[in-house]
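S.K.: Please find structure_2.cif (mmCIF, C-alpha atoms and all ligand atoms) on the next line:
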data_work
loop_
_atom_site.group_PDB
_atom_site.id
_atom_site.type_symbol
_atom_site.label_atom_id
_atom_site.label_comp_id
_atom_site.auth_asym_id
_atom_site.auth_seq_id
_atom_site.Cartn_x
_atom_site.Cartn_y
_atom_site.Cartn_z
ATOM 1 C CA MET A 20 87.968 111.784 92.975
ATOM 2 C CA SER A 21 84.389 110.714 92.370
ATOM 3 C CA ALA A 22 81.908 110.317 95.192
ATOM 4 C CA THR A 23 82.361 106.553 94.772
ATOM 5 C CA ASP A 24 86.089 106.825 95.494
ATOM 6 C CA ASP A 25 85.292 108.690 98.704
ATOM 7 C CA LEU A 26 82.832 105.958 99.669
ATOM 8 C CA LEU A 27 85.451 103.264 99.116
ATOM 9 C CA ALA A 28 87.802 105.084 101.473
ATOM 10 C CA ASN A 29 84.975 105.306 104.025
ATOM 11 C CA ASN A 30 84.316 101.586 103.661
ATOM 12 C CA SER A 31 87.925 100.769 104.302
ATOM 13 C CA SER A 32 87.692 102.466 107.716
ATOM 14 C CA PHE A 33 84.264 100.911 108.386
ATOM 15 C CA SER A 34 85.454 97.382 107.744
ATOM 16 C CA GLU A 35 88.443 97.750 110.070
ATOM 17 C CA SER A 36 86.179 97.900 113.105
ATOM 18 C CA PHE A 37 83.378 95.718 111.710
ATOM 19 C CA ASP A 38 81.660 93.697 114.453
ATOM 20 C CA ARG A 39 78.176 92.956 113.080
ATOM 21 C CA HIS A 40 78.853 89.486 111.706
ATOM 22 C CA HIS A 41 76.550 87.958 114.339
ATOM 23 C CA LEU A 42 73.331 89.393 112.856
ATOM 24 C CA GLU A 43 70.639 87.016 111.605
ATOM 25 C CA VAL A 44 69.345 87.351 108.040
ATOM 26 C CA GLN A 45 65.741 87.527 109.362
ATOM 27 C CA PRO A 46 64.933 91.067 110.568
ATOM 28 C CA SER A 47 64.653 90.859 114.377
ATOM 29 C CA LEU A 48 61.644 93.214 114.548
ATOM 30 C CA LYS A 49 59.817 91.191 111.864
ATOM 31 C CA LEU A 50 59.333 94.521 110.104
ATOM 32 C CA ALA A 51 59.635 95.847 106.554
ATOM 33 C CA ILE A 52 59.799 99.584 105.852
ATOM 34 C CA VAL A 53 59.022 101.076 102.445
ATOM 35 C CA ALA A 54 60.357 104.622 102.116
ATOM 36 C CA CYS A 55 61.123 107.290 99.530
ATOM 37 C CA MET A 56 64.707 107.409 98.277
ATOM 38 C CA ASP A 57 64.984 111.099 99.290
ATOM 39 C CA SER A 58 68.509 111.802 100.535
ATOM 40 C CA ARG A 59 67.238 113.905 103.447
ATOM 41 C CA LEU A 60 65.390 110.967 104.969
ATOM 42 C CA ASN A 61 67.705 108.825 107.093
ATOM 43 C CA VAL A 62 65.366 105.953 107.876
ATOM 44 C CA PHE A 63 67.633 104.393 110.513
ATOM 45 C CA ALA A 64 68.184 107.645 112.419
ATOM 46 C CA ALA A 65 64.601 108.905 112.091
ATOM 47 C CA LEU A 66 63.113 105.673 113.453
ATOM 48 C CA GLY A 67 65.864 104.645 115.859
ATOM 49 C CA LEU A 68 66.519 101.499 113.883
ATOM 50 C CA ASN A 69 69.618 99.374 114.114
ATOM 51 C CA ASP A 70 71.243 96.935 111.717
ATOM 52 C CA GLY A 71 69.520 93.581 111.555
ATOM 53 C CA GLU A 72 66.138 94.882 112.693
ATOM 54 C CA ALA A 73 64.143 95.614 109.504
ATOM 55 C CA HIS A 74 64.102 95.387 105.753
ATOM 56 C CA VAL A 75 64.259 98.835 104.184
ATOM 57 C CA ILE A 76 62.897 99.047 100.630
ATOM 58 C CA ARG A 77 63.265 102.415 98.907
ATOM 59 C CA ASN A 78 62.241 103.958 95.617
ATOM 60 C CA ALA A 79 61.144 107.344 94.233
ATOM 61 C CA GLY A 80 58.163 108.280 96.383
ATOM 62 C CA GLY A 81 58.204 105.165 98.551
ATOM 63 C CA VAL A 82 55.241 103.954 96.521
ATOM 64 C CA ILE A 83 54.059 100.357 96.417
ATOM 65 C CA THR A 84 54.968 99.171 92.923
ATOM 66 C CA ASP A 85 55.087 95.615 91.569
ATOM 67 C CA ASP A 86 58.779 95.466 92.393
ATOM 68 C CA VAL A 87 58.100 96.517 95.988
ATOM 69 C CA ILE A 88 55.468 93.768 96.201
ATOM 70 C CA ARG A 89 58.161 91.355 94.959
ATOM 71 C CA SER A 90 60.466 92.443 97.794
ATOM 72 C CA LEU A 91 57.689 92.344 100.389
ATOM 73 C CA ALA A 92 56.603 88.876 99.237
ATOM 74 C CA LEU A 93 60.155 87.603 99.796
ATOM 75 C CA SER A 94 60.415 89.538 103.066
ATOM 76 C CA GLN A 95 57.225 88.018 104.472
ATOM 77 C CA ARG A 96 57.324 84.537 102.975
ATOM 78 C CA LYS A 97 61.028 83.744 103.251
ATOM 79 C CA LEU A 98 62.412 86.054 105.922
ATOM 80 C CA GLY A 99 59.653 86.194 108.510
ATOM 81 C CA THR A 100 58.440 89.807 108.483
ATOM 82 C CA ARG A 101 54.859 90.485 109.622
ATOM 83 C CA GLU A 102 54.525 94.264 109.855
ATOM 84 C CA ILE A 103 54.887 97.024 107.221
ATOM 85 C CA VAL A 104 55.631 100.723 107.719
ATOM 86 C CA LEU A 105 55.318 103.155 104.794
ATOM 87 C CA VAL A 106 57.201 106.467 104.886
ATOM 88 C CA HIS A 107 56.519 109.191 102.353
ATOM 89 C CA HIS A 108 57.585 112.789 103.044
ATOM 90 C CA THR A 109 56.964 116.483 102.514
ATOM 91 C CA ASP A 110 58.609 118.282 99.553
ATOM 92 C CA CYS A 111 58.882 115.052 97.536
ATOM 93 C CA GLY A 112 60.268 115.203 94.000
ATOM 94 C CA LEU A 113 57.239 113.266 92.775
ATOM 95 C CA GLU A 114 55.040 116.276 93.609
ATOM 96 C CA LYS A 115 57.104 118.324 91.143
ATOM 97 C CA VAL A 116 56.450 116.234 88.035
ATOM 98 C CA THR A 117 53.306 114.919 86.402
ATOM 99 C CA ASP A 118 52.859 111.431 85.014
ATOM 100 C CA ASP A 119 52.007 112.760 81.560
ATOM 101 C CA GLY A 120 54.783 115.370 81.529
ATOM 102 C CA PHE A 121 57.605 113.072 82.613
ATOM 103 C CA ARG A 122 56.311 110.258 80.420
ATOM 104 C CA ALA A 123 56.328 112.613 77.402
ATOM 105 C CA GLU A 124 59.826 113.823 78.282
ATOM 106 C CA LEU A 125 61.170 110.265 78.373
ATOM 107 C CA GLN A 126 59.392 109.350 75.171
ATOM 108 C CA GLU A 127 60.617 112.441 73.305
ATOM 109 C CA GLU A 128 64.223 111.875 74.323
ATOM 110 C CA THR A 129 64.367 108.128 73.784
ATOM 111 C CA GLY A 130 61.661 107.336 71.246
ATOM 112 C CA MET A 131 60.237 104.780 73.667
ATOM 113 C CA ALA A 132 57.284 104.941 76.001
ATOM 114 C CA PRO A 133 58.473 103.941 79.482
ATOM 115 C CA PRO A 134 57.033 100.571 80.558
ATOM 116 C CA PHE A 135 56.674 101.782 84.166
ATOM 117 C CA ALA A 136 54.180 104.102 85.835
ATOM 118 C CA ILE A 137 55.674 107.422 86.971
ATOM 119 C CA GLU A 138 53.611 107.469 90.208
ATOM 120 C CA SER A 139 53.626 111.257 90.612
ATOM 121 C CA PHE A 140 51.191 112.797 93.109
ATOM 122 C CA ASP A 141 49.721 116.135 94.278
ATOM 123 C CA ASP A 142 48.615 115.002 97.703
ATOM 124 C CA VAL A 143 51.151 113.098 99.772
ATOM 125 C CA GLU A 144 48.546 111.752 102.196
ATOM 126 C CA ALA A 145 46.491 110.396 99.305
ATOM 127 C CA SER A 146 49.642 108.763 97.962
ATOM 128 C CA VAL A 147 50.232 107.057 101.330
ATOM 129 C CA ARG A 148 46.611 105.845 101.372
ATOM 130 C CA GLY A 149 47.002 104.498 97.839
ATOM 131 C CA SER A 150 50.102 102.572 98.857
ATOM 132 C CA ILE A 151 48.402 101.165 101.969
ATOM 133 C CA ALA A 152 45.533 99.997 99.737
ATOM 134 C CA ARG A 153 47.955 98.290 97.342
ATOM 135 C CA VAL A 154 49.488 96.349 100.229
ATOM 136 C CA ARG A 155 46.062 95.391 101.595
ATOM 137 C CA ASN A 156 44.927 94.234 98.149
ATOM 138 C CA SER A 157 47.972 92.181 97.223
ATOM 139 C CA PRO A 158 47.302 88.438 97.128
ATOM 140 C CA PHE A 159 51.054 87.797 97.271
ATOM 141 C CA LEU A 160 51.401 89.126 100.829
ATOM 142 C CA PRO A 161 50.204 86.777 103.585
ATOM 143 C CA HIS A 162 50.377 89.477 106.315
ATOM 144 C CA ARG A 163 48.363 92.591 105.430
ATOM 145 C CA ASP A 164 46.768 93.603 108.731
ATOM 146 C CA CYS A 165 49.713 95.429 110.283
ATOM 147 C CA VAL A 166 50.404 98.132 107.711
ATOM 148 C CA ARG A 167 50.665 101.787 108.748
ATOM 149 C CA GLY A 168 51.620 104.818 106.681
ATOM 150 C CA PHE A 169 53.354 108.066 107.613
ATOM 151 C CA VAL A 170 54.499 111.386 106.176
ATOM 152 C CA TYR A 171 57.960 112.496 107.331
ATOM 153 C CA ASP A 172 58.369 116.266 107.552
ATOM 154 C CA VAL A 173 61.787 117.132 106.106
ATOM 155 C CA GLU A 174 61.759 120.452 108.017
ATOM 156 C CA THR A 175 61.126 119.025 111.493
ATOM 157 C CA GLY A 176 62.078 115.358 111.256
ATOM 158 C CA ARG A 177 58.649 114.468 112.639
ATOM 159 C CA LEU A 178 56.423 111.634 111.383
ATOM 160 C CA ALA A 179 52.673 112.128 111.026
ATOM 161 C CA GLU A 180 50.472 109.074 110.652
ATOM 162 C CA VAL A 181 48.030 108.856 107.756
ATOM 163 C CA ASP A 182 44.847 106.944 108.466
ATOM 164 C CA GLY A 183 44.535 104.139 105.982
HETATM 165 ZN ZN ZN B 1 60.423 111.678 97.912
#
Can the structure from this file be put into structure tokens for me?
Ligand SMILES: [Zn+2]
M.R.:
Amino acid sequence: MSATDDLLANNSSFSESFDRHHLEVQPSLKLAIVACMDSRLNVFAALGLNDGEAHVIRNAGGVITDDVIRSLALSQRKLGTREIVLVHHTDCGLEKVTDDGFRAELQEETGMAPPFAIESFDDVEASVRGSIARVRNSPFLPHRDCVRGFVYDVETGRLAEVDG
């Protein structure tokens, strides 16, 4: 059995007691969260979030890329969110590669230069600040005042705020 087969069995049980059909499509907290995809970070548990309360946008690093701006633009303009929370974390995989190194690896193996930025970093707090700045500078986002950034410690589960 693959992991996917196990998930399908889990979903069968989940759907038997499903009772969340009443949720609105607009997040009730008017909040969007951008977080790293790291499997140790359970955004809902760590922040006490429930279904229907926030958009959760995830990628490697939790960095603000053009595609995240696309999601945030839809979130704010079509689905009513006003506030943004960024969550990066300690021991991130993006601290273990370099832009040039990973770019070269992809190019050597495929013969093509990747069209995307790798977004590696040495300093997680600086990465959070960079992402906050990208939100604040995006003309596509009408609500840029309420953006706060945090580093989640994978050893303690604690969030530390990074001053933007
Ligand atoms: Zn990460």
S.K.: State, in Å with one decimal place, the distance from atom CA of A:Asp182 to atom CA of A:Ala136.
M.R.: 24.6 Å
S.K.: Residues at most 7 Å from ligand ZN 1 (chain B), using only C-alpha atoms and all ligand atoms? Could they come as a count of residues only?
M.R.: 11
S.K.: Of the residues A:Arg167, A:Arg177, A:Arg153, A:Arg59, which is the one nearest to A:Val87, using only C-alpha atoms?
M.R.: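 Selected residue with least distance to A:Val87: A:Arg153.
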S.K.: What separation in Å, quoted to one decimal, exists between atom CA of A:Gly120 and atom CA of A:Arg155?
M.R.: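 Spanning atom CA of A:Gly120 to atom CA of A:Arg155 is a straight-line distance of 29.6 Å.
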S.K.: Please tell me which residues are no farther than 9 Å from (48.9, 112.3, 90.6) in the file, counting only C-alpha atoms, and write them as a PDB file with C-alpha atoms, in the frame of the given file.
M.R.:
ATOM      1  CA  LEU A 113      57.239 113.266  92.775  1.00  0.00           C
ATOM      2  CA  GLU A 114      55.040 116.276  93.609  1.00  0.00           C
ATOM      3  CA  VAL A 116      56.450 116.234  88.035  1.00  0.00           C
ATOM      4  CA  THR A 117      53.306 114.919  86.402  1.00  0.00           C
ATOM      5  CA  ASP A 118      52.859 111.431  85.014  1.00  0.00           C
ATOM      6  CA  GLU A 138      53.611 107.469  90.208  1.00  0.00           C
ATOM      7  CA  SER A 139      53.626 111.257  90.612  1.00  0.00           C
ATOM      8  CA  PHE A 140      51.191 112.797  93.109  1.00  0.00           C
ATOM      9  CA  ASP A 141      49.721 116.135  94.278  1.00  0.00           C
ATOM     10  CA  ASP A 142      48.615 115.002  97.703  1.00  0.00           C
ATOM     11  CA  SER A 146      49.642 108.763  97.962  1.00  0.00           C
TER      12      SER A 146
END
